[in-house]
Each structure stands twice: as C-alpha cells, then as structure tokens.
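What follows is run28.cif (mmCIF, C-alpha atoms, pLDDT in the B column; chains and numbers go by the auth columns).
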```
data_structure
#
loop_
_atom_site.group_PDB
_atom_site.id
_atom_site.type_symbol
_atom_site.label_atom_id
_atom_site.label_comp_id
_atom_site.label_asym_id
_atom_site.label_seq_id
_atom_site.Cartn_x
_atom_site.Cartn_y
_atom_site.Cartn_z
_atom_site.B_iso_or_equiv
_atom_site.auth_seq_id
_atom_site.auth_asym_id
ATOM 1 C CA MET A 1 -15.082 25.142 3.515 91.00 28 A
ATOM 2 C CA ARG A 2 -14.348 21.774 5.095 93.00 29 A
ATOM 3 C CA HIS A 3 -16.295 18.584 4.385 95.00 30 A
ATOM 4 C CA THR A 4 -16.843 15.639 6.684 97.00 31 A
ATOM 5 C CA ILE A 5 -15.064 12.542 5.397 97.00 32 A
ATOM 6 C CA ARG A 6 -16.135 9.119 6.667 97.00 33 A
ATOM 7 C CA LEU A 7 -14.023 6.115 5.754 96.00 34 A
ATOM 8 C CA THR A 8 -13.386 2.608 6.893 98.00 35 A
ATOM 9 C CA VAL A 9 -9.619 2.483 7.275 97.00 36 A
ATOM 10 C CA ASN A 10 -7.949 -0.826 8.046 96.00 37 A
ATOM 11 C CA GLY A 11 -11.316 -2.207 9.162 95.00 38 A
ATOM 12 C CA ARG A 12 -12.050 0.685 11.513 96.00 39 A
ATOM 13 C CA ALA A 13 -14.610 3.465 11.021 98.00 40 A
ATOM 14 C CA CYS A 14 -12.864 6.844 10.816 96.00 41 A
ATOM 15 C CA GLU A 15 -14.116 10.364 10.426 95.00 42 A
ATOM 16 C CA GLY A 16 -12.474 13.714 9.876 95.00 43 A
ATOM 17 C CA SER A 17 -12.917 16.903 7.943 95.00 44 A
ATOM 18 C CA ALA A 18 -11.000 18.142 4.952 96.00 45 A
ATOM 19 C CA GLU A 19 -10.989 20.951 2.448 96.00 46 A
ATOM 20 C CA PRO A 20 -12.109 19.847 -1.036 95.00 47 A
ATOM 21 C CA ARG A 21 -8.523 20.064 -2.340 97.00 48 A
ATOM 22 C CA THR A 22 -7.000 17.805 0.370 98.00 49 A
ATOM 23 C CA SER A 23 -5.436 14.684 -1.083 98.00 50 A
ATOM 24 C CA LEU A 24 -6.239 11.319 0.419 98.00 51 A
ATOM 25 C CA ALA A 25 -2.532 10.939 1.272 98.00 52 A
ATOM 26 C CA ASP A 26 -2.535 14.168 3.264 97.00 53 A
ATOM 27 C CA PHE A 27 -5.829 13.271 4.964 98.00 54 A
ATOM 28 C CA LEU A 28 -4.494 9.856 6.011 98.00 55 A
ATOM 29 C CA ARG A 29 -1.218 11.314 7.282 97.00 56 A
ATOM 30 C CA ASP A 30 -2.326 14.598 8.802 96.00 57 A
ATOM 31 C CA ASP A 31 -5.878 13.963 9.958 95.00 58 A
ATOM 32 C CA LEU A 32 -5.832 10.241 10.758 96.00 59 A
ATOM 33 C CA ASP A 33 -2.154 10.058 11.809 96.00 60 A
ATOM 34 C CA LEU A 34 -1.472 7.092 9.507 96.00 61 A
ATOM 35 C CA THR A 35 2.021 8.113 8.515 96.00 62 A
ATOM 36 C CA GLY A 36 2.972 4.864 6.805 95.00 63 A
ATOM 37 C CA THR A 37 1.565 6.294 3.585 96.00 64 A
ATOM 38 C CA HIS A 38 4.491 8.202 2.090 95.00 65 A
ATOM 39 C CA VAL A 39 4.292 11.081 -0.345 94.00 66 A
ATOM 40 C CA GLY A 40 7.084 11.072 -2.884 90.00 67 A
ATOM 41 C CA CYS A 41 6.595 12.695 -6.251 87.00 68 A
ATOM 42 C CA GLU A 42 3.018 14.007 -5.768 88.00 69 A
ATOM 43 C CA HIS A 43 2.402 13.220 -9.451 89.00 70 A
ATOM 44 C CA GLY A 44 1.352 9.555 -9.171 87.00 71 A
ATOM 45 C CA VAL A 45 4.572 8.290 -10.708 88.00 72 A
ATOM 46 C CA CYS A 46 6.608 6.830 -7.833 94.00 73 A
ATOM 47 C CA GLY A 47 3.981 4.684 -6.078 94.00 74 A
ATOM 48 C CA ALA A 48 5.135 5.543 -2.548 95.00 75 A
ATOM 49 C CA CYS A 49 1.641 6.790 -1.670 97.00 76 A
ATOM 50 C CA THR A 50 -0.167 3.636 -2.828 97.00 77 A
ATOM 51 C CA VAL A 51 -3.073 2.526 -0.660 98.00 78 A
ATOM 52 C CA LEU A 52 -5.912 0.125 -1.368 98.00 79 A
ATOM 53 C CA LEU A 53 -9.327 1.585 -2.136 98.00 80 A
ATOM 54 C CA GLU A 54 -11.923 -1.168 -1.946 97.00 81 A
ATOM 55 C CA GLY A 55 -9.037 -3.614 -2.415 95.00 82 A
ATOM 56 C CA GLU A 56 -7.555 -1.928 -5.493 97.00 83 A
ATOM 57 C CA PRO A 57 -4.248 -0.040 -5.469 97.00 84 A
ATOM 58 C CA VAL A 58 -4.598 3.716 -5.971 98.00 85 A
ATOM 59 C CA ARG A 59 -2.206 6.640 -5.757 98.00 86 A
ATOM 60 C CA SER A 60 -3.437 8.515 -2.719 98.00 87 A
ATOM 61 C CA CYS A 61 -1.579 11.669 -3.785 97.00 88 A
ATOM 62 C CA LEU A 62 -3.840 11.901 -6.849 97.00 89 A
ATOM 63 C CA LEU A 63 -7.114 11.048 -5.135 97.00 90 A
ATOM 64 C CA LEU A 64 -8.940 13.668 -3.137 98.00 91 A
ATOM 65 C CA ALA A 65 -10.056 12.704 0.354 98.00 92 A
ATOM 66 C CA ILE A 66 -13.594 13.716 -0.525 97.00 93 A
ATOM 67 C CA GLN A 67 -13.559 11.202 -3.414 97.00 94 A
ATOM 68 C CA ALA A 68 -12.833 8.399 -0.947 98.00 95 A
ATOM 69 C CA ASP A 69 -15.712 9.374 1.361 97.00 96 A
ATOM 70 C CA GLY A 70 -17.747 6.297 2.256 98.00 97 A
ATOM 71 C CA HIS A 71 -15.171 3.820 0.973 98.00 98 A
ATOM 72 C CA ALA A 72 -12.875 1.235 2.552 98.00 99 A
ATOM 73 C CA ILE A 73 -9.173 2.046 2.566 98.00 100 A
ATOM 74 C CA MET A 74 -6.282 -0.149 3.584 97.00 101 A
ATOM 75 C CA THR A 75 -2.951 1.417 4.446 98.00 102 A
ATOM 76 C CA VAL A 76 0.301 -0.321 5.282 97.00 103 A
ATOM 77 C CA GLU A 77 -0.660 -0.102 8.959 96.00 104 A
ATOM 78 C CA GLY A 78 -3.481 -2.534 8.170 96.00 105 A
ATOM 79 C CA LEU A 79 -1.189 -5.346 7.018 95.00 106 A
ATOM 80 C CA ALA A 80 0.223 -6.496 10.347 92.00 107 A
ATOM 81 C CA GLY A 81 -1.968 -8.419 12.754 89.00 108 A
ATOM 82 C CA GLU A 82 -3.583 -6.840 15.799 86.00 109 A
ATOM 83 C CA ASP A 83 -0.818 -8.389 17.891 91.00 110 A
ATOM 84 C CA GLY A 84 1.861 -6.803 15.703 89.00 111 A
ATOM 85 C CA GLU A 85 2.686 -10.045 13.906 92.00 112 A
ATOM 86 C CA LEU A 86 3.949 -9.292 10.423 95.00 113 A
ATOM 87 C CA HIS A 87 1.810 -10.207 7.435 95.00 114 A
ATOM 88 C CA PRO A 88 3.505 -12.911 5.300 95.00 115 A
ATOM 89 C CA ILE A 89 4.340 -10.282 2.671 96.00 116 A
ATOM 90 C CA GLN A 90 6.026 -8.096 5.278 96.00 117 A
ATOM 91 C CA GLN A 91 7.839 -11.114 6.686 96.00 118 A
ATOM 92 C CA ALA A 92 9.108 -12.078 3.230 97.00 119 A
ATOM 93 C CA PHE A 93 10.423 -8.542 2.691 96.00 120 A
ATOM 94 C CA GLN A 94 12.239 -8.703 6.006 96.00 121 A
ATOM 95 C CA ASP A 95 13.594 -12.208 5.395 97.00 122 A
ATOM 96 C CA LYS A 96 14.833 -11.390 1.884 96.00 123 A
ATOM 97 C CA HIS A 97 16.281 -7.966 2.803 94.00 124 A
ATOM 98 C CA ALA A 98 13.971 -6.361 0.250 94.00 125 A
ATOM 99 C CA LEU A 99 14.145 -2.885 1.702 88.00 126 A
ATOM 100 C CA GLN A 100 16.810 -0.415 2.497 87.00 127 A
ATOM 101 C CA CYS A 101 15.670 3.094 3.288 90.00 128 A
ATOM 102 C CA GLY A 102 12.045 1.877 3.374 89.00 129 A
ATOM 103 C CA PHE A 103 10.493 4.970 1.812 91.00 130 A
ATOM 104 C CA CYS A 104 8.962 3.060 -1.114 93.00 131 A
ATOM 105 C CA THR A 105 8.163 -0.058 0.906 95.00 132 A
ATOM 106 C CA PRO A 106 4.608 0.739 2.098 96.00 133 A
ATOM 107 C CA GLY A 107 3.412 1.382 -1.453 97.00 134 A
ATOM 108 C CA ILE A 108 5.146 -1.722 -2.748 97.00 135 A
ATOM 109 C CA LEU A 109 3.712 -3.916 0.013 97.00 136 A
ATOM 110 C CA LEU A 110 0.161 -2.857 -0.798 98.00 137 A
ATOM 111 C CA THR A 111 0.730 -3.216 -4.534 98.00 138 A
ATOM 112 C CA VAL A 112 2.023 -6.738 -3.916 97.00 139 A
ATOM 113 C CA TRP A 113 -0.936 -7.571 -1.649 97.00 140 A
ATOM 114 C CA ALA A 114 -3.410 -6.592 -4.370 97.00 141 A
ATOM 115 C CA TYR A 115 -1.431 -8.325 -7.136 97.00 142 A
ATOM 116 C CA LEU A 116 -1.114 -11.627 -5.313 96.00 143 A
ATOM 117 C CA GLN A 117 -4.892 -11.711 -4.826 93.00 144 A
ATOM 118 C CA ASP A 118 -5.306 -12.467 -8.534 92.00 145 A
ATOM 119 C CA HIS A 119 -1.837 -13.800 -9.398 95.00 146 A
ATOM 120 C CA PRO A 120 -0.922 -16.296 -6.677 95.00 147 A
ATOM 121 C CA SER A 121 2.035 -17.871 -8.531 95.00 148 A
ATOM 122 C CA PRO A 122 3.781 -15.111 -10.467 97.00 149 A
ATOM 123 C CA THR A 123 6.971 -15.652 -12.430 97.00 150 A
ATOM 124 C CA ASP A 124 9.949 -13.348 -11.935 97.00 151 A
ATOM 125 C CA PRO A 125 9.208 -11.439 -15.179 97.00 152 A
ATOM 126 C CA GLU A 126 5.582 -10.980 -14.076 98.00 153 A
ATOM 127 C CA ILE A 127 6.731 -9.712 -10.687 98.00 154 A
ATOM 128 C CA ARG A 128 9.108 -7.244 -12.348 97.00 155 A
ATOM 129 C CA GLU A 129 6.315 -6.000 -14.612 97.00 156 A
ATOM 130 C CA MET A 130 4.000 -5.544 -11.625 96.00 157 A
ATOM 131 C CA LEU A 131 6.692 -3.595 -9.764 96.00 158 A
ATOM 132 C CA ALA A 132 7.233 -1.222 -12.691 94.00 159 A
ATOM 133 C CA GLY A 133 4.818 1.271 -11.143 93.00 160 A
ATOM 134 C CA ASN A 134 6.749 1.518 -7.880 93.00 161 A
ATOM 135 C CA LEU A 135 10.077 3.289 -7.885 92.00 162 A
ATOM 136 C CA CYS A 136 12.848 2.212 -5.522 90.00 163 A
ATOM 137 C CA ARG A 137 16.137 4.062 -5.637 87.00 164 A
ATOM 138 C CA CYS A 138 17.985 1.762 -3.231 88.00 165 A
ATOM 139 C CA THR A 139 17.624 -1.925 -3.995 80.00 166 A
ATOM 140 C CA GLY A 140 17.764 -2.543 -7.719 82.00 167 A
ATOM 141 C CA TYR A 141 14.642 -4.721 -7.233 92.00 168 A
ATOM 142 C CA HIS A 142 16.474 -8.070 -7.095 94.00 169 A
ATOM 143 C CA PHE A 143 15.652 -8.720 -3.447 96.00 170 A
ATOM 144 C CA ILE A 144 12.154 -7.256 -3.862 97.00 171 A
ATOM 145 C CA VAL A 145 11.448 -9.790 -6.614 97.00 172 A
ATOM 146 C CA GLU A 146 12.739 -12.576 -4.361 97.00 173 A
ATOM 147 C CA ALA A 147 10.535 -11.322 -1.519 97.00 174 A
ATOM 148 C CA VAL A 148 7.414 -11.256 -3.686 98.00 175 A
ATOM 149 C CA ALA A 149 8.106 -14.810 -4.869 98.00 176 A
ATOM 150 C CA ALA A 150 8.643 -15.935 -1.267 97.00 177 A
ATOM 151 C CA ALA A 151 5.431 -14.209 -0.168 97.00 178 A
ATOM 152 C CA ALA A 152 3.522 -15.915 -2.963 97.00 179 A
ATOM 153 C CA LYS A 153 4.808 -19.294 -1.780 96.00 180 A
ATOM 154 C CA ALA A 154 3.966 -18.485 1.848 95.00 181 A
ATOM 155 C CA LEU A 155 0.427 -17.550 0.821 94.00 182 A
ATOM 156 C CA ALA A 156 -0.058 -20.464 -1.601 89.00 183 A
ATOM 157 C CA GLY A 157 -3.578 -21.792 -1.493 70.00 184 A
ATOM 158 C CA ALA A 158 -4.917 -18.998 0.694 68.00 185 A
ATOM 159 C CA PRO A 159 -8.245 -17.892 -0.820 63.00 186 A
ATOM 160 C CA ARG A 160 -8.334 -14.094 -1.220 60.00 187 A
ATOM 161 C CA PHE A 161 -6.249 -13.729 1.903 63.00 188 A
ATOM 162 C CA ALA A 162 -6.934 -10.969 4.388 65.00 189 A
ATOM 163 C CA PRO A 163 -4.365 -8.580 5.774 63.00 190 A
#
```

Conversion result in structure tokens:
Amino acid sequence: MRHTIRLTVNGRACEGSAEPRTSLADFLRDDLDLTGTHVGCEHGVCGACTVLLEGEPVRSCLLLAIQADGHAIMTVEGLAGEDGELHPIQQAFQDKHALQCGFCTPGILLTVWAYLQDHPSPTDPEIREMLAGNLCRCTGYHFIVEAVAAAAKALAGAPRFAP
C-alpha cells in the first residue's frame, strides 16, 4: 500500500507516493530524482545521506519518507543559486580542495550549513568535532576543516543565511 507524500524540497512543493517502509533517502533519489543525497552505510553512521529537515541535519537513510510528509527538506541540490552559482560553502570546498571522490561531500555540506547557522566563528577543534559524524575516506579532513573555516569567514555577519 503506497501513501502520498507531500514535501517542500529546496523551496519547491513536491509530491510522490511511497510504501511505508521507503526511506527518505530512497524517496528523494528514486521518486524525486534528487540524486545528490548519497546512501552509504544505511545505518546512520557515515553521514553521506544527511539532508536538512526543517533546517536540522537528519540521516535520510534512517527516516521514513512518510515521517517527512508535510515538512520542508533541503538537499545538496538546494545549496547552489538558481543560476547555478555556488553557495559560499560549496565555493570554499572547491577553493580549498576539500573533496576528492565527493561521495561524502553532500552530507558534509549540509551538516556545515546547519552548524554555521548557530556557530558562525568556529575554531578548528570545534569544526573537527562537528565533522565527527561525517565519514570521509579520502581527505583526512585537513582541507575540509580549512574549507569550513573559509566558509565561516565568507559568511561572517550574515544573519541565518539562506541557501
């Protein structure tokens, strides 16, 4: 039995249908064709599937699509501007070479977006602690930490910045 799911995704009203057991990650990828949300461990450990639910980071592999019905979701596709211009966080990651294979990057970008909302001037140890929930097997985190610090500086003074 499928259920109608209505969401606001990246500022746009979306609707689809899903079985009760369908994860939000699978619904976003398969039904809404938002493939930037990656599924890694499917246990909520790696953070690759992180999206924002009402502005808060959640593991979309652990959340059922039906649980998100009626809520606002932001995926990595919602970060860049309508014209394709990179969000300052994305730009900082590009400038600082903070990605390699890119599999973990969407989840990290959204985690960083949410974190910088409440922590606009994080120290390197604070950034490393925040990143502890996102696993990256390629970079060793050094350049990711630099990118987060650069993004924080680029966004300095921006009140609860929008994607």

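Between CA of Leu182 (chain A) and CA of Gly63 (chain A) the separation is 23.3 Å.
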
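The shell of residues at most 6 Å from region 127-133 of chain A, with all atoms listed in the file counted and near chain neighbours (fewer than 2 positions) removed, consists of Ala75, Val103, Ile135, Leu136 and Cys163 of chain A.
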
- Query: To one decimal place, how far is CA of Ala159 (chain A) from CA of Val139 (chain A) in Å?
  - Reply: 11.6 Å

- Nearest residue to Pro84 (chain A) from the set A:Ser50, A:Thr138, A:Arg164, A:Val72 (distances using only C-alpha atoms):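 Under the stated criterion, the closest residue is A:Thr138.
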
- Got a sec: who's within 6 Å of region 93-97 of chain A, counting all atoms listed in the file, leaving out chain neighbours fewer than 6 positions off, as a list in words? Ile32, Arg33 and Leu34 of chain A

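With all atoms listed in the file as the atoms that count, the residue of A:Cys165, A:Met157, A:Ile116, A:Ala125 with the shortest distance to Ala179 (chain A) is A:Ile116.
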
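Counting all atoms listed in the file and comparing A:Leu55, A:Leu126, A:Ile154, A:Leu143, the residue that lies closest to Thr166 (chain A) is A:Leu126.
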
- Query: Written as a PyMOL selection string, which residues does the PyMOL selection byres ((chain A and resi 68) around 12) give for the file shown?
  - Reply: chain A and resi 52+65-67+69-77+86-89+130-131+161-162

With the PyMOL selection byres ((chain A and resi 49) around 6) as the selection, what would be picked from this file? Answer as an mmCIF file with C-alpha atoms, in the coordinates of the input, please.
```
data_model
loop_
_atom_site.group_PDB
_atom_site.id
_atom_site.type_symbol
_atom_site.label_atom_id
_atom_site.label_comp_id
_atom_site.auth_asym_id
_atom_site.auth_seq_id
_atom_site.Cartn_x
_atom_site.Cartn_y
_atom_site.Cartn_z
ATOM 1 C CA GLU A 46 -10.989 20.951 2.448
ATOM 2 C CA PRO A 47 -12.109 19.847 -1.036
ATOM 3 C CA ARG A 48 -8.523 20.064 -2.340
ATOM 4 C CA SER A 50 -5.436 14.684 -1.083
ATOM 5 C CA LEU A 91 -8.940 13.668 -3.137
ATOM 6 C CA ALA A 92 -10.056 12.704 0.354
#
```

- Query: Which of these, A:Gly184, A:Pro147, A:Gly134, A:Gly105, has the shortest distance to Leu61 (chain A) once you count only C-alpha atoms?
  - Reply: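 Closest residue, counting only C-alpha atoms: A:Gly105.
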
- Choose the residue, out of A:Met28, A:Leu59, A:Ala141, A:Ala107, that has the smallest atom-to-atom separation from Glu81 (chain A); count only C-alpha atoms. A:Ala141

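CA of Gly82 (chain A) is found 21.5 Å from CA of Gly43 (chain A).
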
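Proximity of A:Ala119, A:Tyr142, A:Glu112, A:Arg39 to Leu79 (chain A), computed with only C-alpha atoms, is greatest for A:Tyr142.
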
- Item | Contact residues around His124 (chain A) with all atoms listed in the file at 8 Å, ignoring same-chain residues under 2 positions, as a count of residues only | 8

As lines of an AutoDock Vina configuration file, please report the centre and edge lengths, rounded to one decimal in Å, of the axis-aligned box that holds all listed atoms of region 165-170 of chain A with 6 Å of padding on each of the six sides.
```
center_x = 16.3
center_y = -3.5
center_z = -5.5
size_x = 15.3
size_y = 22.5
size_z = 16.5
```

Output as a PDB file, in the frame of the given file: region 50-62 of chain A, completed with N, CA and C atoms.
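Generated file (selection.pdb):
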```pdb
ATOM      1  N   SER A  50      -5.648  16.018  -0.512  1.00 98.00           N
ATOM      2  CA  SER A  50      -5.436  14.684  -1.083  1.00 98.00           C
ATOM      3  C   SER A  50      -5.720  13.618  -0.034  1.00 98.00           C
ATOM      4  N   LEU A  51      -6.028  12.428  -0.502  1.00 98.00           N
ATOM      5  CA  LEU A  51      -6.239  11.319   0.419  1.00 98.00           C
ATOM      6  C   LEU A  51      -4.969  11.050   1.215  1.00 98.00           C
ATOM      7  N   ALA A  52      -3.804  11.162   0.571  1.00 98.00           N
ATOM      8  CA  ALA A  52      -2.532  10.939   1.272  1.00 98.00           C
ATOM      9  C   ALA A  52      -2.384  11.912   2.443  1.00 98.00           C
ATOM     10  N   ASP A  53      -2.655  13.182   2.195  1.00 97.00           N
ATOM     11  CA  ASP A  53      -2.535  14.168   3.264  1.00 97.00           C
ATOM     12  C   ASP A  53      -3.574  13.935   4.356  1.00 97.00           C
ATOM     13  N   PHE A  54      -4.784  13.558   3.982  1.00 98.00           N
ATOM     14  CA  PHE A  54      -5.829  13.271   4.964  1.00 98.00           C
ATOM     15  C   PHE A  54      -5.427  12.096   5.854  1.00 98.00           C
ATOM     16  N   LEU A  55      -4.920  11.027   5.235  1.00 98.00           N
ATOM     17  CA  LEU A  55      -4.494   9.856   6.011  1.00 98.00           C
ATOM     18  C   LEU A  55      -3.362  10.223   6.960  1.00 98.00           C
ATOM     19  N   ARG A  56      -2.391  10.961   6.479  1.00 97.00           N
ATOM     20  CA  ARG A  56      -1.218  11.314   7.282  1.00 97.00           C
ATOM     21  C   ARG A  56      -1.539  12.369   8.338  1.00 97.00           C
ATOM     22  N   ASP A  57      -2.159  13.445   7.918  1.00 96.00           N
ATOM     23  CA  ASP A  57      -2.326  14.598   8.802  1.00 96.00           C
ATOM     24  C   ASP A  57      -3.549  14.508   9.707  1.00 96.00           C
ATOM     25  N   ASP A  58      -4.642  13.997   9.178  1.00 95.00           N
ATOM     26  CA  ASP A  58      -5.878  13.963   9.958  1.00 95.00           C
ATOM     27  C   ASP A  58      -6.070  12.657  10.716  1.00 95.00           C
ATOM     28  N   LEU A  59      -5.646  11.538  10.110  1.00 96.00           N
ATOM     29  CA  LEU A  59      -5.832  10.241  10.758  1.00 96.00           C
ATOM     30  C   LEU A  59      -4.551   9.701  11.378  1.00 96.00           C
ATOM     31  N   ASP A  60      -3.450  10.421  11.232  1.00 96.00           N
ATOM     32  CA  ASP A  60      -2.154  10.058  11.809  1.00 96.00           C
ATOM     33  C   ASP A  60      -1.662   8.686  11.348  1.00 96.00           C
ATOM     34  N   LEU A  61      -1.963   8.332  10.105  1.00 96.00           N
ATOM     35  CA  LEU A  61      -1.472   7.092   9.507  1.00 96.00           C
ATOM     36  C   LEU A  61      -0.301   7.461   8.601  1.00 96.00           C
ATOM     37  N   THR A  62       0.854   7.574   9.211  1.00 96.00           N
ATOM     38  CA  THR A  62       2.021   8.113   8.515  1.00 96.00           C
ATOM     39  C   THR A  62       2.798   7.085   7.707  1.00 96.00           C
TER      40      THR A  62
END
```
